[in-house]
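Text of data29.cif (mmCIF, C-alpha atoms) as supplied:
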```
data_input
loop_
_atom_site.label_atom_id
_atom_site.label_comp_id
_atom_site.auth_asym_id
_atom_site.auth_seq_id
_atom_site.Cartn_x
_atom_site.Cartn_y
_atom_site.Cartn_z
CA MET A 1 165.76 139.72 173.64
CA SER A 2 169.46 140.45 174.27
CA ASN A 3 171.84 137.92 175.77
CA LEU A 4 171.72 139.43 179.27
CA PRO A 5 167.96 138.84 179.86
CA LEU A 6 168.36 135.34 178.41
CA VAL A 7 171.19 134.54 180.82
CA LEU A 8 169.20 136.02 183.71
CA MET A 9 166.23 133.76 182.91
CA LEU A 10 168.49 130.72 182.75
CA LEU A 11 169.93 131.68 186.14
CA LEU A 12 166.39 132.14 187.44
CA GLY A 13 165.64 128.59 186.33
CA GLY A 14 168.65 127.37 188.31
CA PHE A 15 167.46 129.16 191.45
CA VAL A 16 163.94 127.79 190.99
CA PHE A 17 165.40 124.29 190.71
CA LEU A 18 167.40 124.75 193.91
CA PHE A 19 164.38 126.10 195.79
CA ALA A 20 162.08 123.29 194.62
CA TYR A 21 164.76 120.71 195.45
CA TRP A 22 165.35 122.17 198.93
CA LYS A 23 161.64 122.50 199.68
CA ARG A 24 160.97 118.86 198.82
CA ILE A 25 163.62 117.30 201.09
CA ARG A 26 164.36 120.03 203.65
CA GLU A 27 162.69 118.08 206.47
CA ASP A 28 164.70 114.92 205.80
CA TYR A 29 168.25 116.30 205.62
CA ILE A 30 170.19 119.19 207.10
CA SER A 31 170.29 122.30 204.89
CA ARG A 32 174.03 122.05 204.29
CA PHE A 33 173.65 118.64 202.67
CA VAL A 34 170.59 119.69 200.68
CA PHE A 35 172.24 122.75 199.13
CA ALA A 36 175.57 121.02 198.58
CA SER A 37 173.88 118.13 196.76
CA GLY A 38 171.76 120.62 194.80
CA PHE A 39 174.89 122.42 193.60
CA TYR A 40 176.43 119.07 192.64
CA ILE A 41 173.41 118.40 190.44
CA ILE A 42 173.48 121.90 188.92
CA ILE A 43 177.18 121.59 188.12
CA GLY A 44 176.57 118.15 186.62
CA VAL A 45 173.77 119.51 184.41
CA LEU A 46 175.88 122.43 183.17
CA ILE A 47 178.96 120.30 182.48
CA GLY A 48 176.95 117.54 180.82
CA ALA A 49 174.92 119.88 178.61
CA THR A 50 178.01 121.82 177.53
CA ALA A 51 180.12 118.72 176.90
CA PHE A 52 177.46 116.95 174.83
CA GLN A 53 176.77 120.05 172.74
CA LEU A 54 180.42 120.88 172.09
CA ILE A 55 182.06 117.46 171.82
CA LEU A 56 179.54 115.02 170.31
CA PRO A 57 179.03 116.99 167.04
CA HIS A 58 182.68 116.19 166.26
CA LEU A 59 182.07 112.48 166.80
CA LEU A 60 178.61 112.00 165.27
CA HIS A 61 177.15 112.81 161.87
CA GLN A 62 173.79 114.44 161.25
CA SER A 63 171.17 112.60 159.22
CA PRO A 64 167.50 113.03 158.29
CA VAL A 65 166.56 111.56 161.69
CA PHE A 66 169.37 112.97 163.85
CA GLN A 67 170.49 116.53 164.53
CA TYR A 68 172.96 118.19 166.90
CA ASN A 69 170.76 120.93 168.34
CA GLY A 70 169.14 118.91 171.12
CA LEU A 71 172.24 117.17 172.44
CA TRP A 72 172.40 119.60 175.37
CA PHE A 73 169.18 118.14 176.82
CA TRP A 74 170.52 114.60 177.11
CA GLY A 75 173.87 115.92 178.29
CA GLY A 76 172.06 117.77 181.05
CA VAL A 77 170.11 114.63 181.98
CA ALA A 78 173.30 112.54 182.12
CA GLY A 79 175.24 115.18 184.05
CA GLY A 80 172.41 115.80 186.47
CA PHE A 81 172.09 112.09 187.18
CA ALA A 82 175.84 111.85 187.77
CA GLY A 83 175.64 114.74 190.25
CA LEU A 84 172.66 113.13 191.94
CA PHE A 85 174.37 109.77 192.28
CA ALA A 86 177.50 111.43 193.67
CA SER A 87 175.35 113.26 196.24
CA VAL A 88 173.59 110.06 197.31
CA ASN A 89 176.92 108.38 197.92
CA LEU A 90 178.69 111.34 199.51
CA PHE A 91 175.92 112.52 201.84
CA LYS A 92 174.26 109.14 202.43
CA MET A 93 170.91 110.32 201.09
CA LYS A 94 168.03 108.09 199.99
CA PHE A 95 168.02 107.72 196.23
CA THR A 96 164.25 107.76 195.73
CA GLU A 97 163.72 110.96 197.73
CA VAL A 98 166.57 112.82 196.08
CA PHE A 99 165.69 111.54 192.60
CA GLU A 100 162.11 112.77 192.92
CA ALA A 101 163.13 116.17 194.29
CA ALA A 102 165.84 116.69 191.67
CA GLY A 103 163.63 115.49 188.82
CA ILE A 104 160.82 117.91 189.63
CA GLY A 105 163.27 120.77 190.17
CA LEU A 106 164.97 120.08 186.84
CA LEU A 107 161.57 119.92 185.16
CA LEU A 108 160.91 123.51 186.24
CA TRP A 109 164.42 124.59 185.22
CA PHE A 110 163.88 123.05 181.79
CA GLY A 111 160.52 124.78 181.38
CA ILE A 112 161.94 128.19 182.29
CA SER A 113 164.99 127.68 180.06
CA ILE A 114 162.82 126.79 177.06
CA LEU A 115 160.61 129.80 177.79
CA ALA A 116 163.75 131.95 177.67
CA ILE A 117 164.63 130.43 174.30
CA VAL A 118 161.10 131.16 173.05
CA LEU A 119 161.40 134.81 174.05
CA ALA A 120 164.90 135.10 172.61
CA SER A 121 164.37 133.38 169.26
CA ARG A 122 160.60 133.76 168.74
CA LYS A 123 160.38 130.07 167.89
CA THR A 124 156.77 129.25 168.63
CA ASP A 125 157.26 125.48 168.38
CA ALA A 126 159.29 125.66 171.60
CA ILE A 127 156.22 126.89 173.50
CA LEU A 128 154.79 123.36 173.54
CA PHE A 129 157.95 121.97 175.14
CA SER A 130 157.92 124.68 177.80
CA LEU A 131 154.18 124.36 178.40
CA SER A 132 154.43 120.59 178.79
CA SER A 133 156.96 121.04 181.60
CA PHE A 134 154.67 123.34 183.58
CA LEU A 135 151.64 121.11 182.97
CA ILE A 136 153.58 118.09 184.24
CA PHE A 137 154.52 120.07 187.34
CA GLY A 138 150.80 120.64 187.89
CA LEU A 139 150.25 116.89 187.52
CA TYR A 140 152.98 116.30 190.09
CA ARG A 141 151.31 118.61 192.62
CA PHE A 142 148.00 116.80 192.11
CA LEU A 143 149.52 113.32 192.46
CA ASP A 144 151.57 114.37 195.48
CA ALA A 145 148.38 115.41 197.27
CA LYS A 146 146.37 112.32 196.28
CA TYR A 147 148.68 109.31 195.83
CA ARG A 148 148.26 107.96 199.37
CA ARG A 149 144.57 107.47 198.61
CA PHE A 150 145.23 105.25 195.59
CA THR A 151 144.27 101.73 196.65
CA TRP A 152 146.39 100.18 193.89
CA TYR A 153 149.54 101.91 195.15
CA LYS A 154 150.17 99.31 197.81
CA SER A 155 153.38 100.49 199.47
CA GLY A 156 152.46 104.18 199.84
CA ARG A 157 156.18 105.01 199.55
CA VAL A 158 157.43 108.51 198.83
CA GLY A 159 158.53 109.09 195.24
CA PHE A 160 155.42 108.03 193.34
CA ALA A 161 154.23 111.53 192.40
CA GLY A 162 157.53 112.81 191.08
CA ILE A 163 158.66 109.68 189.27
CA MET A 164 155.26 109.09 187.66
CA SER A 165 155.19 112.73 186.51
CA LEU A 166 158.66 112.41 185.00
CA GLY A 167 157.55 109.29 183.15
CA VAL A 168 154.61 111.20 181.67
CA PHE A 169 156.97 114.07 180.76
CA PHE A 170 159.21 111.81 178.68
CA LEU A 171 156.17 110.17 177.09
CA ILE A 172 154.84 113.58 176.04
CA ARG A 173 158.32 114.56 174.87
CA ALA A 174 158.40 111.52 172.57
CA ALA A 175 155.03 112.56 171.13
CA LEU A 176 156.21 116.15 170.59
CA ILE A 177 159.32 114.93 168.79
CA LEU A 178 157.12 113.03 166.34
CA GLY A 179 154.74 115.98 166.02
CA ILE A 180 157.45 118.65 165.61
CA PRO A 181 160.32 116.78 163.90
CA GLY A 182 162.22 119.89 162.81
CA SER A 183 162.45 121.58 166.20
CA ASP A 184 165.85 122.72 167.51
CA LEU A 185 164.96 121.43 170.99
CA HIS A 186 165.54 117.73 170.34
CA ILE A 187 167.94 115.50 168.45
CA GLY A 188 165.50 114.56 165.70
CA LYS A 189 163.17 111.61 165.30
CA VAL A 190 165.76 109.27 166.79
CA GLY A 191 165.14 111.14 170.05
CA VAL A 192 161.90 109.21 170.40
CA ILE A 193 163.91 106.14 171.39
CA PRO A 194 165.72 107.53 174.49
CA SER A 195 162.56 109.39 175.53
CA ALA A 196 160.45 106.23 175.29
CA VAL A 197 163.11 104.19 177.11
CA ALA A 198 163.29 106.81 179.88
CA ALA A 199 159.49 106.76 180.22
CA PHE A 200 159.44 102.96 180.40
CA LEU A 201 162.18 102.84 183.06
CA LEU A 202 160.43 105.48 185.16
CA PHE A 203 157.09 103.67 184.99
CA TYR A 204 158.87 100.43 185.91
CA PHE A 205 160.42 102.28 188.83
CA VAL A 206 156.92 103.31 189.94
CA TYR A 207 155.73 99.72 189.65
CA ASN A 208 158.55 98.55 191.90
CA LEU A 209 157.76 101.31 194.38
CA SER A 210 154.14 100.18 194.40
CA GLU A 211 155.13 96.61 195.12
CA GLY A 212 157.68 97.69 197.73
CA GLN A 213 160.41 95.87 195.81
CA TRP A 214 162.75 98.77 195.03
CA GLN A 215 166.00 98.48 196.91
CA LEU A 216 168.86 100.50 195.54
CA LYS A 217 172.25 99.55 196.99
CA THR A 218 174.47 102.61 196.80
CA ALA A 219 178.22 102.47 196.97
CA VAL A 220 178.06 103.95 200.47
CA GLN A 221 175.81 101.14 201.67
CA ALA A 222 178.05 98.55 200.04
CA ARG A 223 181.15 99.99 201.68
CA ALA A 224 179.38 100.12 205.05
CA ARG A 225 178.46 96.44 204.78
CA LEU A 226 182.02 95.58 203.76
CA LYS A 227 183.47 97.42 206.76
CA LYS A 228 181.00 95.70 209.07
CA ALA A 229 181.93 92.30 207.65
CA LYS A 230 185.63 93.02 208.16
CA LYS A 231 185.04 94.03 211.77
CA LEU A 232 183.08 90.84 212.46
CA LYS A 233 185.84 88.80 210.86
CA ARG A 234 188.45 90.41 213.11
CA ILE A 235 186.35 89.75 216.22
CA LYS A 236 186.04 86.08 215.30
#
```
Can you give me the file's structure in the form of structure tokens?
Amino acid sequence: MSNLPLVLMLLLGGFVFLFAYWKRIREDYISRFVFASGFYIIIGVLIGATAFQLILPHLLHQSPVFQYNGLWFWGGVAGGFAGLFASVNLFKMKFTEVFEAAGIGLLLWFGISILAIVLASRKTDAILFSLSSFLIFGLYRFLDAKYRRFTWYKSGRVGFAGIMSLGVFFLIRAALILGIPGSDLHIGKVGVIPSAVAAFLLFYFVYNLSEGQWQLKTAVQARARLKKAKKLKRIK
């Protein structure tokens, strides 16, 4: 496969992300905010992936358990989260809703991107990484249709399906890293640690959602409270 079809498939993944993201939260926010926040996340992913892949190899040394090839993935995760957090603050969006929508959209983008790499390089080990993304998306669709019926999910709050699915994705990713240690799609065996930590944090997030305990205070909310307090102080 030449570079042009590869680039086109990567762009297709970006459009699929944006569509999935918009479809998930289109009823909660005006389209202008949805697409603007989606582009923030896309830009964050691209900048993060590029920066990690180009800069960190000059700062870190490869070893039997660490390699440079998969740095783009964690750079994309970090950049996407930065774009998401900026969107939550700028457009006053609910973190849980946006996090779920962005996570599922990025999951599809990742799956399509890896599929493009498979077709371009003929590396069959990458098929499992791509396939896992699409299978997790199927799990998400199932959970999204059924989670309100789960008696143990006490709060019934939105976000369970996507965040649980992302937790399973990182758990499977950790297993694939151990099973395919020489793949170019991860940073080596040391990659099990951030994947396992991500899975744990996501499952803990789900637990808090279930208990109705999750309350994220964004910078926008903090500033709003501060302004309100100042106004009350002036009145007094």
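Going from CA of Phe19 in chain A to CA of Pro194 in chain A covers 28.3 Å.
Closest approach to Ser37 in chain A among A:Gly13, A:Gly188, A:Gly159, A:Gly80 is made by A:Gly80 (distances from only C-alpha atoms).
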Report task. On this file, the PyMOL selection byres ((chain A and resi 96) around 12) gives some set of residues; write that set as a PyMOL selection string. Result -> chain A and resi 24-25+84-85+88+93-95+97-103+157-163+202+205-206+208-209+214-218
Export of prior selection with C-alpha atoms as a PDB file, in the coordinates of the input:
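Saved as out.pdb:
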```pdb
ATOM      1  CA  ARG A  24     160.970 118.860 198.820  1.00  0.00           C
ATOM      2  CA  ILE A  25     163.620 117.300 201.090  1.00  0.00           C
ATOM      3  CA  LEU A  84     172.660 113.130 191.940  1.00  0.00           C
ATOM      4  CA  PHE A  85     174.370 109.770 192.280  1.00  0.00           C
ATOM      5  CA  VAL A  88     173.590 110.060 197.310  1.00  0.00           C
ATOM      6  CA  MET A  93     170.910 110.320 201.090  1.00  0.00           C
ATOM      7  CA  LYS A  94     168.030 108.090 199.990  1.00  0.00           C
ATOM      8  CA  PHE A  95     168.020 107.720 196.230  1.00  0.00           C
ATOM      9  CA  GLU A  97     163.720 110.960 197.730  1.00  0.00           C
ATOM     10  CA  VAL A  98     166.570 112.820 196.080  1.00  0.00           C
ATOM     11  CA  PHE A  99     165.690 111.540 192.600  1.00  0.00           C
ATOM     12  CA  GLU A 100     162.110 112.770 192.920  1.00  0.00           C
ATOM     13  CA  ALA A 101     163.130 116.170 194.290  1.00  0.00           C
ATOM     14  CA  ALA A 102     165.840 116.690 191.670  1.00  0.00           C
ATOM     15  CA  GLY A 103     163.630 115.490 188.820  1.00  0.00           C
ATOM     16  CA  ARG A 157     156.180 105.010 199.550  1.00  0.00           C
ATOM     17  CA  VAL A 158     157.430 108.510 198.830  1.00  0.00           C
ATOM     18  CA  GLY A 159     158.530 109.090 195.240  1.00  0.00           C
ATOM     19  CA  PHE A 160     155.420 108.030 193.340  1.00  0.00           C
ATOM     20  CA  ALA A 161     154.230 111.530 192.400  1.00  0.00           C
ATOM     21  CA  GLY A 162     157.530 112.810 191.080  1.00  0.00           C
ATOM     22  CA  ILE A 163     158.660 109.680 189.270  1.00  0.00           C
ATOM     23  CA  LEU A 202     160.430 105.480 185.160  1.00  0.00           C
ATOM     24  CA  PHE A 205     160.420 102.280 188.830  1.00  0.00           C
ATOM     25  CA  VAL A 206     156.920 103.310 189.940  1.00  0.00           C
ATOM     26  CA  ASN A 208     158.550  98.550 191.900  1.00  0.00           C
ATOM     27  CA  LEU A 209     157.760 101.310 194.380  1.00  0.00           C
ATOM     28  CA  TRP A 214     162.750  98.770 195.030  1.00  0.00           C
ATOM     29  CA  GLN A 215     166.000  98.480 196.910  1.00  0.00           C
ATOM     30  CA  LEU A 216     168.860 100.500 195.540  1.00  0.00           C
ATOM     31  CA  LYS A 217     172.250  99.550 196.990  1.00  0.00           C
ATOM     32  CA  THR A 218     174.470 102.610 196.800  1.00  0.00           C
TER      33      THR A 218
END
```
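Checking A:Ser113, A:Ser130, A:Thr124, A:Ser210 one by one against Val16 in chain A, counting all atoms listed in the file, you find the shortest gap at A:Ser113.
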Query - Top pick for closest residue to Phe142 in chain A, considering A:Lys92, A:Met164, A:Leu107, A:Asp125 and counting only C-alpha atoms - result: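 Selected residue with least distance to Phe142 in chain A: A:Met164.
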Report task. Run the PyMOL selection byres ((chain A and resi 199) around 7) against the file shown and list the residues it catches, as a list of chain:residue names. Result -> A:Gly167, A:Val168, A:Phe170, A:Leu171, A:Ser195, A:Ala196, A:Val197, A:Ala198, A:Phe200, A:Leu201, A:Leu202, A:Phe203
Requested in this report: Give the answer as one residue: which of A:Gly111, A:Gly105, A:Pro181, A:Gly79 has the shortest atom-to-atom distance to Ile41 in chain A, using all atoms listed in the file?
Outcome: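 That would be A:Gly79, the residue with the smallest distance to Ile41 in chain A.
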Query raised in the report: Could you state the separation of CA of Asp144 in chain A and CA of Met9 in chain A in Å, given to one decimal place?
Result: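 Computing the Euclidean distance for CA of Asp144 in chain A and CA of Met9 in chain A yields 27.4 Å.
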Draw an axis-aligned box over all listed atoms of range 82-91 of chain A, pad each side with 4 Å, and write its centre and edge lengths in Å, one decimal, as lines of an AutoDock Vina configuration file.
```
center_x = 175.7
center_y = 111.6
center_z = 194.8
size_x = 14.0
size_y = 14.4
size_z = 22.1
```
Neighbour list for Gly182 in chain A as a PDB file with C-alpha atoms, in the coordinates of the input, cut-off 12 Å, all atoms listed in the file, skip fewer than 2 positions in-chain:
```pdb
ATOM      1  CA  PRO A  64     167.500 113.030 158.290  1.00  0.00           C
ATOM      2  CA  VAL A  65     166.560 111.560 161.690  1.00  0.00           C
ATOM      3  CA  PHE A  66     169.370 112.970 163.850  1.00  0.00           C
ATOM      4  CA  GLN A  67     170.490 116.530 164.530  1.00  0.00           C
ATOM      5  CA  TYR A  68     172.960 118.190 166.900  1.00  0.00           C
ATOM      6  CA  ASN A  69     170.760 120.930 168.340  1.00  0.00           C
ATOM      7  CA  GLY A  70     169.140 118.910 171.120  1.00  0.00           C
ATOM      8  CA  LYS A 123     160.380 130.070 167.890  1.00  0.00           C
ATOM      9  CA  ASP A 125     157.260 125.480 168.380  1.00  0.00           C
ATOM     10  CA  ALA A 126     159.290 125.660 171.600  1.00  0.00           C
ATOM     11  CA  LEU A 176     156.210 116.150 170.590  1.00  0.00           C
ATOM     12  CA  ILE A 177     159.320 114.930 168.790  1.00  0.00           C
ATOM     13  CA  LEU A 178     157.120 113.030 166.340  1.00  0.00           C
ATOM     14  CA  GLY A 179     154.740 115.980 166.020  1.00  0.00           C
ATOM     15  CA  ILE A 180     157.450 118.650 165.610  1.00  0.00           C
ATOM     16  CA  ASP A 184     165.850 122.720 167.510  1.00  0.00           C
ATOM     17  CA  LEU A 185     164.960 121.430 170.990  1.00  0.00           C
ATOM     18  CA  HIS A 186     165.540 117.730 170.340  1.00  0.00           C
ATOM     19  CA  ILE A 187     167.940 115.500 168.450  1.00  0.00           C
ATOM     20  CA  GLY A 188     165.500 114.560 165.700  1.00  0.00           C
ATOM     21  CA  LYS A 189     163.170 111.610 165.300  1.00  0.00           C
ATOM     22  CA  VAL A 190     165.760 109.270 166.790  1.00  0.00           C
ATOM     23  CA  GLY A 191     165.140 111.140 170.050  1.00  0.00           C
TER      24      GLY A 191
END
```
**Report entry** Proximity to Leu11 in chain A - best of A:Leu46, A:Ala174, A:Leu139, A:Ile193, only C-alpha atoms
**Finding:**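 Closest candidate: A:Leu46.
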Query raised in the report: the PyMOL selection byres ((chain A and resi 53-57) around 9) on the file shown: which residues, as number ranges by chain?
Result: A: 48-52, 58-62, 67-73, 75
Keeping only C-alpha atoms, take the residues you just selected and write them out as a PDB file, in the coordinates of the input.
```pdb
ATOM      1  CA  GLY A  48     176.950 117.540 180.820  1.00  0.00           C
ATOM      2  CA  ALA A  49     174.920 119.880 178.610  1.00  0.00           C
ATOM      3  CA  THR A  50     178.010 121.820 177.530  1.00  0.00           C
ATOM      4  CA  ALA A  51     180.120 118.720 176.900  1.00  0.00           C
ATOM      5  CA  PHE A  52     177.460 116.950 174.830  1.00  0.00           C
ATOM      6  CA  HIS A  58     182.680 116.190 166.260  1.00  0.00           C
ATOM      7  CA  LEU A  59     182.070 112.480 166.800  1.00  0.00           C
ATOM      8  CA  LEU A  60     178.610 112.000 165.270  1.00  0.00           C
ATOM      9  CA  HIS A  61     177.150 112.810 161.870  1.00  0.00           C
ATOM     10  CA  GLN A  62     173.790 114.440 161.250  1.00  0.00           C
ATOM     11  CA  GLN A  67     170.490 116.530 164.530  1.00  0.00           C
ATOM     12  CA  TYR A  68     172.960 118.190 166.900  1.00  0.00           C
ATOM     13  CA  ASN A  69     170.760 120.930 168.340  1.00  0.00           C
ATOM     14  CA  GLY A  70     169.140 118.910 171.120  1.00  0.00           C
ATOM     15  CA  LEU A  71     172.240 117.170 172.440  1.00  0.00           C
ATOM     16  CA  TRP A  72     172.400 119.600 175.370  1.00  0.00           C
ATOM     17  CA  PHE A  73     169.180 118.140 176.820  1.00  0.00           C
ATOM     18  CA  GLY A  75     173.870 115.920 178.290  1.00  0.00           C
TER      19      GLY A  75
END
```
Requested in this report: For each of A:Tyr147, A:Tyr21, A:Phe35, A:Phe169, take the minimum atom-to-atom distance to Leu128 in chain A, counting only C-alpha atoms, then give the residue where this is smallest.
Outcome: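 Counting only C-alpha atoms, the residue closest to Leu128 in chain A is A:Phe169.
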Report task. Work out how far apart CA of Asp28 in chain A and CA of Phe134 in chain A are and give it in Å to one decimal. Result ->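 Straight-line distance from CA of Asp28 in chain A to CA of Phe134 in chain A works out to 25.8 Å.
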